[in-house]
Amino acid sequence: TRPAAKGFARASAAALQAISPSGEVFSSVGRQSPEGSAQTGQKNTKYNLLTFIPLVLFNQFKYFFNFFFLIIALSQFIEVLRVGFLVTYLFPLLFVLALTMIKEAYDDLARWKRDREVNNAKYRMLNVFGHFEQVTSAQLKVGNIIQVEAGQRIPADLVMLYTTEKNGSVFIKTDQLDGETDWKLRKALVHTQERYANQENIMGSNSCLYCHPPNKDIYKFEGVFYPQAQNRNNRDPLSLENTLWAGTALTVGSILGMVIYTGKDTRVQMNSRNPRSKAGKLDLEVNKMAFVMFLVLGGMAFILIFINGFHFNWYIIFFRFILLLSSIIPISLRVNLDLAKIWYSYLIMKDEKIENTIVRNSSIPEELGRIQYLFSDKTGTLTQNNMEFKRLYTDDVYFDSEEGIEDIRDRVYKECAARQGPMADIAERQMRGGRPMRRQRNSIIRDFITALALCHNVTPVMEEGKKVFQASSPDEIALVKFGETLGMKLLERDTNLITIQNSAGIEEIYDILDVFPFSSETKRMGIILRHVVSGRIIFYLKGAEIIMVNKVSQISQVNLNEACENLAMDGLRTLVITQKLLTEEEYRSFAEDLKKAKASLDDRDAKVDSIVEALENDMDFLGVTGVEDKLQIDVQKTVESLKQAGISIWMLTGDKVETAKCIAISSGLKQSVERFYVMKDLPNDVRQISNKLHHVMDNARNTILVIDGASLEYACNQCEQLFFQAAAKASGVICCRCSPTQKTYIVKRMKEITKKRCAGVGDGGNDVGMIQEADLGIGLEGKEGKQASLAADFSITQFSHLSRLLLWHGRLSYKRSSSLSQFIVHRGLVIAVIQFVFSLIFYSSAIPVYNSWLMLGYCTYYTFLPVFSLVLDEDVDDETALQQPKLYETLQKGRAFSVKTFISWVCQSIYQGSVIMLCGITLFDDSFVNIVIITFSALIAIELLNVITELHKRIWNVYLCLLISFIIYALSIFILHNYFDLSSIDSTFFVKIGIITLVAWLPIHVLKCFIEHLDPSDYSKIRKGKYQIFL
């Protein structure tokens, strides 16, 4: 333990208090927390030992499917309703519940282990005696002071009191909190940092810390620190830069921090969400089908009762018929579909051609094959988010990064050698009292390049002996690197100083007086610096032209708008750079007002913004930068394939209209035959907006609608229905200057209005809302971090992977599940028809035709492997699916699972079930046992042949499954000899089975082949010549 640590702990044992704005004491540092501030650990489990079984059962039986089978199983405990062995009805239900419980227990156990790992992490805490003692993170309480070393995760929300770093600041990683990979700078409280470093005793100071109650905003924090609790006039404001949120990681040094929020009150816990539950469209269609089949079941039972007559206790007989025909709604359907989804997810993650793809939601892989609208971010999604400086505009001249760089470097060198620091000519003129004059070009360019080296949040750090830049935006790093190519090198930066080396090789040191970080709301970033040598105070401000145009003079506004338009037409991202020279008196007045605003706990942000905006008037326009964001690999090819597949692509971006149009052309979103229709800067006039939207609808076929954020808001407010109808018909849509809220709203309303499946793809935190709102969210792991990836249903590393993910895996998953679900329903319906015909023939008797063991085997070990082999089927190979995107379009409208296909399967089931029983009645020899073995054997054979009929690609795995099923059935005949008459197995036995099988199966197979020959599907046309057609 360092002596300084002991001194600080003793000094602060009863000094600091964490209290709310109302004055309620949360805790006293180093002492037992008061009531209401109990220790809490992380708890993300859904169940405990007492609630596990009740909650799992409730969640299962609230669905019609499972509740129906629960009633069926429970009815077998009533003697008068019993139609078979109790175990044969209970086993399928218990099997499904067991699988569910095992899965839920496994997931919750994994959550419990993660919680235990976090809660048992060891940290050093200062006690009231000034010594460190070891505690777990679960034992931390509000008001404790703990030590965190580099590499450790922050266990609770802290206010940083002290750091071993000399500059009083540290870097933290926030990837587990906000998904961003860039390091963030955090600062210790000035008062505690100085007193701890000087080992002064602050016991008598009775310091206090006030902060708001817990909230979930990770980008905002307001509090006040009073060095002397009695002196309320002397206070230091606390902001986000003084905090360390739980879940972040310290990268350098060691810190002491005071716990202000723990457990569920931490930002990371308040922002955590339960696993999202998205229902696939196929699942909804299967549920509808199950309900229809339930009505059919009731109808069949009613017909049998009607024929038999409504005698005494007819309702008991009716319910017995319901039980006998209950196979019409197969409980195995849910199990098979869930297993199939797991298999699809496994195939996606193991596909080497889309490496590192992660399936985060395994319940909706079929949705990949149903997408009709794709909403895409631009920066980092269509582009690489790898910024490269290309052009700049200053003093009516455009400079190219390659051809004009020598000219710029020469001008900057001359000005740096002649004068000390930026704005020297203006300062000299002001000292002489001269009138404002047009500045020399060299001076403007010098100030411009100096601003690139100073106005940013970039920090140089050493990693493995090399200097690298850390920043929250790749744009800023690109500008700093460009400045270095011109000789303006960023040497060092901390919370107080920025040191650069100018083009003449002279070091320039600047005191950092104030920093105003960039945010999506302000769209600008500012910094106030003092040039140490000259004492000049300079305010630099940069931002988007839509904001900056009002910060400069009217004369400069014309040049600014023209420059931004020209650079944007080249597809470049623009940034406006300005500066302003402040006098000591101006800055002193501003700083006093700012300090008062920051110390406020009520509307602090609004007060601070008001004061800063007042300073931003009459800025000197320096110029505009243009950086290029390169397209991702194979973006144009991917976009073209998706459009050919019938997927309408919308680009939702925060960039300006001209930049977005250039990216749309280069990415292939706009094809040569298509044209842009721009709705920009529209007035809030419903008639004018309506006319433009009607124009889009009339010419939608080859129109790319381009609309900016303001016009989009007017359109949604004035004529929302018309806007989305027109946009849905357009070839594509580009929404510019689009906020994250607007992105989410667009996706939500498109889903609701068009009733079509929508996918959202993005890479940044501003895309999370859109991704989560979409029917299917796809996140890219990019330079903006993993926040979008973690929030998505599917995570990919390149935009180009979408082609294979959708056109191959998505299409195949949907087609396989459609075939699987319909076949399983057919399998249950055909045996229900057999029972129905049997009951009709034998005077509406409510006795089962097949023993319960046979019924159980029919749905499981006799047919499970062949039926499940449908999930191995491929109608075309992956190369063909990617080369022929039209194949995706044919399944987009749900043709693989439709009313037409459902009716065809019902008709097939009725035909085959009727043939099996009627032929069996005709062929059996005065023995009920004979009819059982003949019809059941024929049923098994027909179902195996039906599987072969449905398969497009027959591989050895399928034939192995058929062989195993046949062997199992053959062996069971001898094992279950009580249900089969072995003496009846002779040559005529096989002849009878063959006759029934051919009559029931061959006409159906020939009919399907004939229909396929007359009206072949798209994939059948392509498949010819690749796979042998089975006849």
# chains A, B, ... in the order shown; residues from 1 in each chain; ligands from 1
>>> residues_around(residues="region 440-443 of chain A", least_positions_apart="2", cutoff="12 Å", atoms="only C-alpha atoms", output="compact mmCIF listing (two decimals) with all heavy atoms, in the first residue's frame")
# COMPACT_ATOMS: atom_id res chain seq x y z
N TYR A 393 -11.03 22.61 -49.43
CA TYR A 393 -11.34 23.91 -50.01
C TYR A 393 -11.00 24.97 -49.00
O TYR A 393 -11.39 24.89 -47.82
CB TYR A 393 -12.83 24.01 -50.36
CG TYR A 393 -13.28 25.42 -50.65
CD1 TYR A 393 -13.16 25.96 -51.93
CD2 TYR A 393 -13.82 26.23 -49.65
CE1 TYR A 393 -13.56 27.26 -52.19
CE2 TYR A 393 -14.23 27.52 -49.90
CZ TYR A 393 -14.10 28.03 -51.17
OH TYR A 393 -14.49 29.32 -51.43
N THR A 394 -10.25 25.99 -49.42
CA THR A 394 -9.95 27.12 -48.56
C THR A 394 -9.60 28.33 -49.41
O THR A 394 -8.94 28.20 -50.46
CB THR A 394 -8.78 26.79 -47.61
OG1 THR A 394 -8.57 27.91 -46.73
CG2 THR A 394 -7.50 26.48 -48.34
N ASP A 395 -10.08 29.46 -49.02
CA ASP A 395 -9.78 30.73 -49.70
C ASP A 395 -10.02 30.62 -51.21
O ASP A 395 -9.16 30.97 -52.03
CB ASP A 395 -8.33 31.13 -49.42
CG ASP A 395 -8.07 32.61 -49.76
OD1 ASP A 395 -9.02 33.41 -49.63
OD2 ASP A 395 -6.95 32.92 -50.17
N ASP A 396 -11.20 30.10 -51.59
CA ASP A 396 -11.64 30.02 -52.99
C ASP A 396 -10.80 29.07 -53.84
O ASP A 396 -10.84 29.14 -55.08
CB ASP A 396 -11.63 31.41 -53.65
CG ASP A 396 -12.61 32.37 -52.99
OD1 ASP A 396 -13.64 31.89 -52.47
OD2 ASP A 396 -12.34 33.57 -52.96
N VAL A 397 -10.02 28.21 -53.23
CA VAL A 397 -9.17 27.30 -53.99
C VAL A 397 -9.39 25.87 -53.49
O VAL A 397 -9.53 25.65 -52.28
CB VAL A 397 -7.67 27.66 -53.85
CG1 VAL A 397 -6.80 26.68 -54.64
CG2 VAL A 397 -7.43 29.09 -54.34
N ASP A 407 2.22 22.12 -52.73
CA ASP A 407 1.93 23.55 -52.65
C ASP A 407 1.47 23.92 -51.25
O ASP A 407 1.92 24.93 -50.67
CB ASP A 407 0.85 23.90 -53.68
CG ASP A 407 0.58 25.41 -53.73
OD1 ASP A 407 1.46 26.19 -53.32
OD2 ASP A 407 -0.53 25.79 -54.17
N ILE A 408 0.60 23.09 -50.66
CA ILE A 408 0.13 23.36 -49.30
C ILE A 408 1.28 23.29 -48.31
O ILE A 408 1.43 24.17 -47.44
CB ILE A 408 -0.97 22.36 -48.91
CG1 ILE A 408 -2.17 22.46 -49.85
CG2 ILE A 408 -1.42 22.58 -47.48
CD1 ILE A 408 -3.23 21.42 -49.61
N ARG A 409 2.09 22.26 -48.43
CA ARG A 409 3.20 22.08 -47.48
C ARG A 409 4.16 23.28 -47.54
O ARG A 409 4.63 23.76 -46.50
CB ARG A 409 3.96 20.79 -47.81
CG ARG A 409 5.06 20.48 -46.79
CD ARG A 409 5.85 19.24 -47.17
NE ARG A 409 5.05 18.03 -47.00
CZ ARG A 409 4.67 17.24 -47.99
NH1 ARG A 409 5.01 17.54 -49.24
NH2 ARG A 409 3.98 16.16 -47.75
N ASP A 410 4.41 23.77 -48.72
CA ASP A 410 5.32 24.91 -48.88
C ASP A 410 4.73 26.17 -48.25
O ASP A 410 5.43 26.92 -47.55
CB ASP A 410 5.59 25.14 -50.37
CG ASP A 410 6.60 26.26 -50.60
OD1 ASP A 410 7.74 26.15 -50.08
OD2 ASP A 410 6.24 27.24 -51.28
N ARG A 411 3.44 26.40 -48.46
CA ARG A 411 2.80 27.59 -47.89
C ARG A 411 2.77 27.52 -46.36
O ARG A 411 3.03 28.51 -45.67
CB ARG A 411 1.38 27.72 -48.43
CG ARG A 411 1.29 28.06 -49.91
CD ARG A 411 -0.16 28.02 -50.39
NE ARG A 411 -0.30 28.30 -51.81
CZ ARG A 411 -0.44 29.52 -52.33
NH1 ARG A 411 -0.48 30.57 -51.52
NH2 ARG A 411 -0.55 29.69 -53.62
N VAL A 412 2.47 26.34 -45.82
CA VAL A 412 2.42 26.18 -44.37
C VAL A 412 3.80 26.36 -43.76
O VAL A 412 3.96 27.00 -42.71
CB VAL A 412 1.83 24.79 -44.01
CG1 VAL A 412 1.92 24.55 -42.50
CG2 VAL A 412 0.38 24.69 -44.46
N TYR A 413 4.82 25.82 -44.41
CA TYR A 413 6.18 25.95 -43.89
C TYR A 413 6.60 27.43 -43.81
O TYR A 413 7.16 27.86 -42.79
CB TYR A 413 7.16 25.18 -44.78
CG TYR A 413 8.60 25.38 -44.41
CD1 TYR A 413 9.17 24.71 -43.34
CD2 TYR A 413 9.39 26.31 -45.12
CE1 TYR A 413 10.49 24.92 -42.98
CE2 TYR A 413 10.71 26.52 -44.77
CZ TYR A 413 11.26 25.82 -43.69
OH TYR A 413 12.56 26.05 -43.34
N LYS A 414 6.34 28.18 -44.86
CA LYS A 414 6.73 29.59 -44.88
C LYS A 414 6.03 30.36 -43.76
O LYS A 414 6.66 31.19 -43.09
CB LYS A 414 6.39 30.20 -46.23
CG LYS A 414 7.26 29.69 -47.37
CD LYS A 414 6.84 30.33 -48.69
CE LYS A 414 7.72 29.82 -49.84
NZ LYS A 414 7.30 30.40 -51.14
N GLU A 415 4.76 30.10 -43.56
CA GLU A 415 4.01 30.84 -42.54
C GLU A 415 4.46 30.44 -41.14
O GLU A 415 4.55 31.28 -40.24
CB GLU A 415 2.52 30.56 -42.73
CG GLU A 415 1.60 31.45 -41.90
CD GLU A 415 1.65 32.91 -42.31
OE1 GLU A 415 2.09 33.20 -43.45
OE2 GLU A 415 1.25 33.76 -41.49
N CYS A 416 4.76 29.15 -40.94
CA CYS A 416 5.22 28.70 -39.63
C CYS A 416 6.59 29.28 -39.28
O CYS A 416 6.87 29.60 -38.12
CB CYS A 416 5.28 27.18 -39.58
SG CYS A 416 3.66 26.37 -39.55
N ALA A 417 7.44 29.40 -40.27
CA ALA A 417 8.77 29.95 -40.04
C ALA A 417 8.73 31.45 -39.79
O ALA A 417 9.57 32.00 -39.07
CB ALA A 417 9.67 29.63 -41.23
N ALA A 418 7.71 32.12 -40.35
CA ALA A 418 7.65 33.58 -40.25
C ALA A 418 6.95 34.06 -38.99
O ALA A 418 7.32 35.10 -38.43
CB ALA A 418 6.93 34.16 -41.48
N ARG A 419 5.96 33.33 -38.51
CA ARG A 419 5.17 33.79 -37.37
C ARG A 419 5.02 32.69 -36.33
O ARG A 419 5.03 31.51 -36.65
CB ARG A 419 3.77 34.24 -37.84
CG ARG A 419 3.77 35.52 -38.68
CD ARG A 419 2.32 35.96 -38.90
NE ARG A 419 2.24 37.25 -39.54
CZ ARG A 419 2.07 37.44 -40.85
NH1 ARG A 419 1.98 36.38 -41.64
NH2 ARG A 419 2.00 38.65 -41.35
N GLN A 420 4.83 33.11 -35.09
CA GLN A 420 4.63 32.18 -33.99
C GLN A 420 3.14 31.95 -33.77
O GLN A 420 2.41 32.85 -33.39
CB GLN A 420 5.25 32.71 -32.69
CG GLN A 420 6.76 32.66 -32.63
CD GLN A 420 7.27 33.01 -31.25
OE1 GLN A 420 6.56 33.57 -30.44
NE2 GLN A 420 8.54 32.68 -30.99
N GLY A 421 2.73 30.71 -34.03
CA GLY A 421 1.36 30.32 -33.73
C GLY A 421 0.36 30.79 -34.76
O GLY A 421 0.65 31.63 -35.62
N PRO A 422 -0.85 30.25 -34.70
CA PRO A 422 -1.92 30.63 -35.64
C PRO A 422 -2.50 32.00 -35.31
O PRO A 422 -2.34 32.53 -34.21
CB PRO A 422 -2.96 29.53 -35.43
CG PRO A 422 -2.74 29.08 -34.02
CD PRO A 422 -1.28 29.21 -33.76
N MET A 423 -3.19 32.56 -36.31
CA MET A 423 -3.90 33.84 -36.20
C MET A 423 -2.98 34.98 -35.79
O MET A 423 -3.42 35.98 -35.21
CB MET A 423 -5.08 33.74 -35.22
CG MET A 423 -6.09 32.65 -35.57
SD MET A 423 -7.61 32.73 -34.61
CE MET A 423 -8.44 34.11 -35.42
N ALA A 424 -1.70 34.87 -36.11
CA ALA A 424 -0.74 35.91 -35.73
C ALA A 424 -1.04 37.21 -36.47
O ALA A 424 -0.92 38.31 -35.90
CB ALA A 424 0.68 35.44 -36.03
N ASP A 425 -1.43 37.13 -37.74
CA ASP A 425 -1.70 38.35 -38.51
C ASP A 425 -2.91 39.09 -37.95
O ASP A 425 -2.92 40.33 -37.88
CB ASP A 425 -1.91 38.02 -39.98
CG ASP A 425 -3.03 37.00 -40.18
OD1 ASP A 425 -3.26 36.17 -39.27
OD2 ASP A 425 -3.68 37.03 -41.25
N ILE A 426 -3.94 38.36 -37.54
CA ILE A 426 -5.13 39.01 -36.97
C ILE A 426 -4.81 39.65 -35.63
O ILE A 426 -5.24 40.78 -35.34
CB ILE A 426 -6.27 37.97 -36.81
CG1 ILE A 426 -6.69 37.44 -38.18
CG2 ILE A 426 -7.45 38.57 -36.07
CD1 ILE A 426 -7.78 36.40 -38.13
N MET A 437 -9.07 43.39 -42.76
CA MET A 437 -8.65 43.31 -44.16
C MET A 437 -8.67 41.83 -44.60
O MET A 437 -8.70 40.93 -43.78
CB MET A 437 -7.24 43.88 -44.34
CG MET A 437 -7.12 45.36 -43.99
SD MET A 437 -5.40 45.93 -44.09
CE MET A 437 -5.05 45.59 -45.81
N ARG A 438 -8.65 41.66 -45.92
CA ARG A 438 -8.60 40.29 -46.45
C ARG A 438 -7.26 39.68 -46.09
O ARG A 438 -6.21 40.26 -46.34
CB ARG A 438 -8.79 40.31 -47.96
CG ARG A 438 -8.71 38.91 -48.58
CD ARG A 438 -8.95 38.95 -50.08
NE ARG A 438 -8.78 37.64 -50.68
CZ ARG A 438 -9.71 36.69 -50.70
NH1 ARG A 438 -10.89 36.93 -50.14
NH2 ARG A 438 -9.47 35.51 -51.26
N ILE A 445 -4.30 29.20 -44.93
CA ILE A 445 -3.96 27.79 -45.06
C ILE A 445 -3.23 27.29 -43.82
O ILE A 445 -3.46 26.19 -43.33
CB ILE A 445 -3.12 27.55 -46.33
CG1 ILE A 445 -3.96 27.84 -47.58
CG2 ILE A 445 -2.59 26.13 -46.37
CD1 ILE A 445 -3.20 27.72 -48.88
N ARG A 446 -2.34 28.14 -43.28
CA ARG A 446 -1.61 27.76 -42.06
C ARG A 446 -2.58 27.51 -40.92
O ARG A 446 -2.48 26.51 -40.20
CB ARG A 446 -0.65 28.88 -41.70
CG ARG A 446 0.43 28.47 -40.68
CD ARG A 446 0.03 28.76 -39.25
NE ARG A 446 1.22 28.77 -38.40
CZ ARG A 446 1.33 28.20 -37.24
NH1 ARG A 446 0.30 27.53 -36.73
NH2 ARG A 446 2.44 28.27 -36.53
N ASP A 447 -3.55 28.40 -40.76
CA ASP A 447 -4.54 28.25 -39.69
C ASP A 447 -5.43 27.02 -39.93
O ASP A 447 -5.81 26.32 -38.99
CB ASP A 447 -5.41 29.50 -39.60
CG ASP A 447 -4.65 30.68 -39.01
OD1 ASP A 447 -3.47 30.51 -38.66
OD2 ASP A 447 -5.24 31.77 -38.90
N PHE A 448 -5.76 26.77 -41.20
CA PHE A 448 -6.58 25.62 -41.55
C PHE A 448 -5.89 24.32 -41.13
O PHE A 448 -6.48 23.49 -40.42
CB PHE A 448 -6.82 25.62 -43.07
CG PHE A 448 -7.89 24.67 -43.54
CD1 PHE A 448 -8.57 24.91 -44.72
CD2 PHE A 448 -8.22 23.52 -42.83
CE1 PHE A 448 -9.54 24.04 -45.17
CE2 PHE A 448 -9.19 22.66 -43.27
CZ PHE A 448 -9.86 22.91 -44.45
N ILE A 449 -4.64 24.14 -41.53
CA ILE A 449 -3.91 22.91 -41.22
C ILE A 449 -3.65 22.81 -39.72
O ILE A 449 -3.68 21.72 -39.13
CB ILE A 449 -2.60 22.83 -42.01
CG1 ILE A 449 -2.88 22.99 -43.51
CG2 ILE A 449 -1.89 21.52 -41.75
CD1 ILE A 449 -3.88 21.99 -44.06
N THR A 450 -3.40 23.94 -39.06
CA THR A 450 -3.22 23.93 -37.61
C THR A 450 -4.50 23.48 -36.91
O THR A 450 -4.47 22.72 -35.93
CB THR A 450 -2.82 25.33 -37.10
OG1 THR A 450 -1.64 25.76 -37.79
CG2 THR A 450 -2.54 25.30 -35.61
N LEU A 622 -12.61 28.97 -42.30
CA LEU A 622 -11.30 28.57 -42.80
C LEU A 622 -11.39 27.72 -44.06
O LEU A 622 -10.61 27.90 -44.99
CB LEU A 622 -10.54 27.78 -41.72
CG LEU A 622 -10.05 28.59 -40.51
CD1 LEU A 622 -9.43 27.66 -39.49
CD2 LEU A 622 -9.05 29.64 -40.95
N GLY A 623 -12.34 26.77 -44.09
CA GLY A 623 -12.45 25.93 -45.27
C GLY A 623 -13.26 24.68 -45.00
O GLY A 623 -13.87 24.52 -43.95
>>> select_by_dssp(residues="region 139-309 of chain A", states="strand (DSSP E or B)", output="PyMOL selection string")
chain A and resi 145-149+153+157-163+169-173+184-187+208-211+223-226+236-238+243-244+249-250+254-261
>>> write_last_selection(atoms="N, CA and C atoms", output="short mmCIF file (atom, residue, chain, number, x, y, z; two decimals), in the first residue's frame")
data_model
loop_
_atom_site.label_atom_id
_atom_site.label_comp_id
_atom_site.auth_asym_id
_atom_site.auth_seq_id
_atom_site.Cartn_x
_atom_site.Cartn_y
_atom_site.Cartn_z
N ILE A 145 -14.84 3.24 -1.54
CA ILE A 145 -13.74 3.65 -2.42
C ILE A 145 -12.92 2.41 -2.74
N ILE A 146 -12.81 2.12 -4.04
CA ILE A 146 -12.10 0.91 -4.45
C ILE A 146 -10.96 1.27 -5.40
N GLN A 147 -10.03 0.35 -5.49
CA GLN A 147 -8.90 0.50 -6.41
C GLN A 147 -9.08 -0.44 -7.60
N VAL A 148 -8.87 0.09 -8.78
CA VAL A 148 -8.97 -0.71 -10.01
C VAL A 148 -7.66 -0.56 -10.77
N GLU A 149 -7.10 -1.69 -11.17
CA GLU A 149 -5.84 -1.70 -11.90
C GLU A 149 -6.09 -1.83 -13.40
N ARG A 153 -11.95 -5.00 -15.20
CA ARG A 153 -13.26 -4.44 -15.49
C ARG A 153 -13.74 -3.63 -14.31
N ASP A 157 -20.66 1.43 -11.04
CA ASP A 157 -20.53 2.80 -11.55
C ASP A 157 -19.74 3.63 -10.55
N LEU A 158 -18.67 4.26 -11.02
CA LEU A 158 -17.76 5.00 -10.15
C LEU A 158 -17.62 6.44 -10.60
N VAL A 159 -17.27 7.29 -9.64
CA VAL A 159 -16.71 8.61 -9.91
C VAL A 159 -15.23 8.53 -9.60
N MET A 160 -14.39 8.89 -10.59
CA MET A 160 -12.95 8.72 -10.43
C MET A 160 -12.38 9.84 -9.56
N LEU A 161 -11.76 9.44 -8.44
CA LEU A 161 -11.18 10.39 -7.50
C LEU A 161 -9.69 10.62 -7.75
N TYR A 162 -9.02 9.56 -8.18
CA TYR A 162 -7.56 9.67 -8.30
C TYR A 162 -7.06 8.64 -9.31
N THR A 163 -6.01 9.00 -10.01
CA THR A 163 -5.33 8.07 -10.90
C THR A 163 -3.83 8.26 -10.76
N SER A 169 -5.74 11.71 -16.03
CA SER A 169 -6.74 11.11 -16.91
C SER A 169 -6.32 9.71 -17.30
N VAL A 170 -7.29 8.90 -17.67
CA VAL A 170 -7.04 7.52 -18.08
C VAL A 170 -7.91 7.22 -19.30
N PHE A 171 -7.55 6.14 -19.99
CA PHE A 171 -8.37 5.64 -21.08
C PHE A 171 -9.12 4.38 -20.61
N ILE A 172 -10.35 4.27 -21.08
CA ILE A 172 -11.12 3.07 -20.77
C ILE A 172 -11.67 2.48 -22.07
N LYS A 173 -11.92 1.18 -22.04
CA LYS A 173 -12.57 0.50 -23.15
C LYS A 173 -14.04 0.33 -22.81
N LYS A 184 -12.00 5.67 -24.63
CA LYS A 184 -12.59 6.92 -24.15
C LYS A 184 -11.71 7.50 -23.04
N LEU A 185 -11.64 8.82 -23.03
CA LEU A 185 -10.83 9.52 -22.03
C LEU A 185 -11.69 9.87 -20.82
N ARG A 186 -11.18 9.60 -19.62
CA ARG A 186 -11.88 9.94 -18.40
C ARG A 186 -10.92 10.67 -17.46
N LYS A 187 -11.47 11.60 -16.68
CA LYS A 187 -10.65 12.46 -15.83
C LYS A 187 -11.02 12.30 -14.36
N CYS A 208 -18.51 16.78 -0.09
CA CYS A 208 -19.75 16.11 -0.44
C CYS A 208 -19.84 15.91 -1.95
N LEU A 209 -20.58 14.90 -2.32
CA LEU A 209 -20.81 14.61 -3.73
C LEU A 209 -22.31 14.41 -3.95
N TYR A 210 -22.87 15.22 -4.83
CA TYR A 210 -24.29 15.13 -5.15
C TYR A 210 -24.44 14.54 -6.56
N CYS A 211 -25.43 13.68 -6.76
CA CYS A 211 -25.70 13.17 -8.10
C CYS A 211 -27.16 12.78 -8.22
N GLY A 223 -23.68 15.81 -11.82
CA GLY A 223 -23.44 15.80 -10.38
C GLY A 223 -22.65 17.03 -9.98
N VAL A 224 -22.51 17.20 -8.68
CA VAL A 224 -21.75 18.34 -8.16
C VAL A 224 -20.89 17.85 -7.01
N PHE A 225 -19.65 18.33 -6.97
CA PHE A 225 -18.73 18.00 -5.89
C PHE A 225 -18.44 19.27 -5.11
N TYR A 226 -18.66 19.22 -3.78
CA TYR A 226 -18.37 20.34 -2.90
C TYR A 226 -17.13 20.01 -2.07
N ASP A 236 -17.59 22.05 -7.77
CA ASP A 236 -17.06 21.59 -9.05
C ASP A 236 -18.11 20.71 -9.72
N PRO A 237 -18.42 20.99 -10.98
CA PRO A 237 -19.40 20.17 -11.67
C PRO A 237 -18.83 18.80 -12.03
N LEU A 238 -19.68 17.80 -11.97
CA LEU A 238 -19.32 16.45 -12.40
C LEU A 238 -20.06 16.13 -13.69
N THR A 243 -16.70 9.85 -14.87
CA THR A 243 -17.31 8.58 -14.47
C THR A 243 -16.62 7.39 -15.11
N LEU A 244 -16.77 6.26 -14.46
CA LEU A 244 -16.34 4.96 -15.00
C LEU A 244 -17.52 4.02 -14.82
N ALA A 249 -13.51 -1.19 -19.09
CA ALA A 249 -12.22 -1.73 -18.64
C ALA A 249 -11.17 -0.64 -18.65
N LEU A 250 -10.37 -0.61 -17.60
CA LEU A 250 -9.29 0.36 -17.49
C LEU A 250 -8.11 -0.11 -18.34
N SER A 254 -3.65 3.05 -12.61
CA SER A 254 -4.47 2.56 -11.50
C SER A 254 -5.32 3.72 -11.02
N ILE A 255 -6.52 3.43 -10.57
CA ILE A 255 -7.42 4.51 -10.13
C ILE A 255 -8.06 4.15 -8.80
N LEU A 256 -8.50 5.20 -8.11
CA LEU A 256 -9.39 5.06 -6.97
C LEU A 256 -10.71 5.71 -7.36
N GLY A 257 -11.79 4.99 -7.14
CA GLY A 257 -13.09 5.53 -7.50
C GLY A 257 -14.11 5.28 -6.42
N MET A 258 -15.05 6.21 -6.33
CA MET A 258 -16.14 6.07 -5.36
C MET A 258 -17.33 5.42 -6.04
N VAL A 259 -17.89 4.41 -5.40
CA VAL A 259 -19.06 3.72 -5.93
C VAL A 259 -20.28 4.61 -5.78
N ILE A 260 -20.97 4.87 -6.90
CA ILE A 260 -22.19 5.69 -6.83
C ILE A 260 -23.44 4.89 -7.18
N TYR A 261 -23.31 3.84 -8.00
CA TYR A 261 -24.44 2.97 -8.31
C TYR A 261 -23.95 1.53 -8.35
#
>>> residues_around(residues="region 666-671 of chain A", least_positions_apart="2", cutoff="9 Å", atoms="only C-alpha atoms", output="number ranges by chain")
A: 382-383, 571, 631, 634-640, 643, 649-651, 661-664, 673-676, 702-704, 731-732
>>> residues_around(residues="region 825-840 of chain A", least_positions_apart="4", cutoff="7 Å", atoms="only C-alpha atoms", output="list in words")
Leu304, Leu325, Ser327, Ile328, Ile329, Pro330, Ser821, Ser844, Ser845, Ala846, Pro848, Val849, Trp905, Val906, Ser909, Ile910, Gln912, Gly913, Ser914 and Met917 of chain A
>>> residues_around(residues="Leu454 (chain A)", least_positions_apart="4", cutoff="10 Å", atoms="only C-alpha atoms", output="JSON, numbers by chain")
{"A": [449, 450, 458, 480, 483, 488, 489, 490, 493, 498, 499, 500, 510, 512, 527, 528, 529, 540]}
>>> closest_residue(among="A:Asp603, A:Asp475, A:Glu773, A:Glu545", to="Glu565 (chain A)", atoms="only C-alpha atoms")
A:Glu545
>>> residues_around(residues="Phe590 (chain A)", least_positions_apart="5", cutoff="9 Å", atoms="only C-alpha atoms", output="ChimeraX atom specification")
/A:585,595,611-612,615
>>> closest_residue(among="A:Phe306, A:Phe724, A:Tyr346, A:Phe518", to="His456 (chain A)", atoms="only C-alpha atoms")
A:Phe518
>>> atom_distance(atom1="CA of Val359 (chain A)", atom2="CA of Phe794 (chain A)")
4.7 Å
>>> residues_around(residues="Ile955 (chain A)", least_positions_apart="2", cutoff="10 Å", atoms="only C-alpha atoms", output="MDAnalysis selection string")
chainID A and resid 869 872:874 951:953 957:960
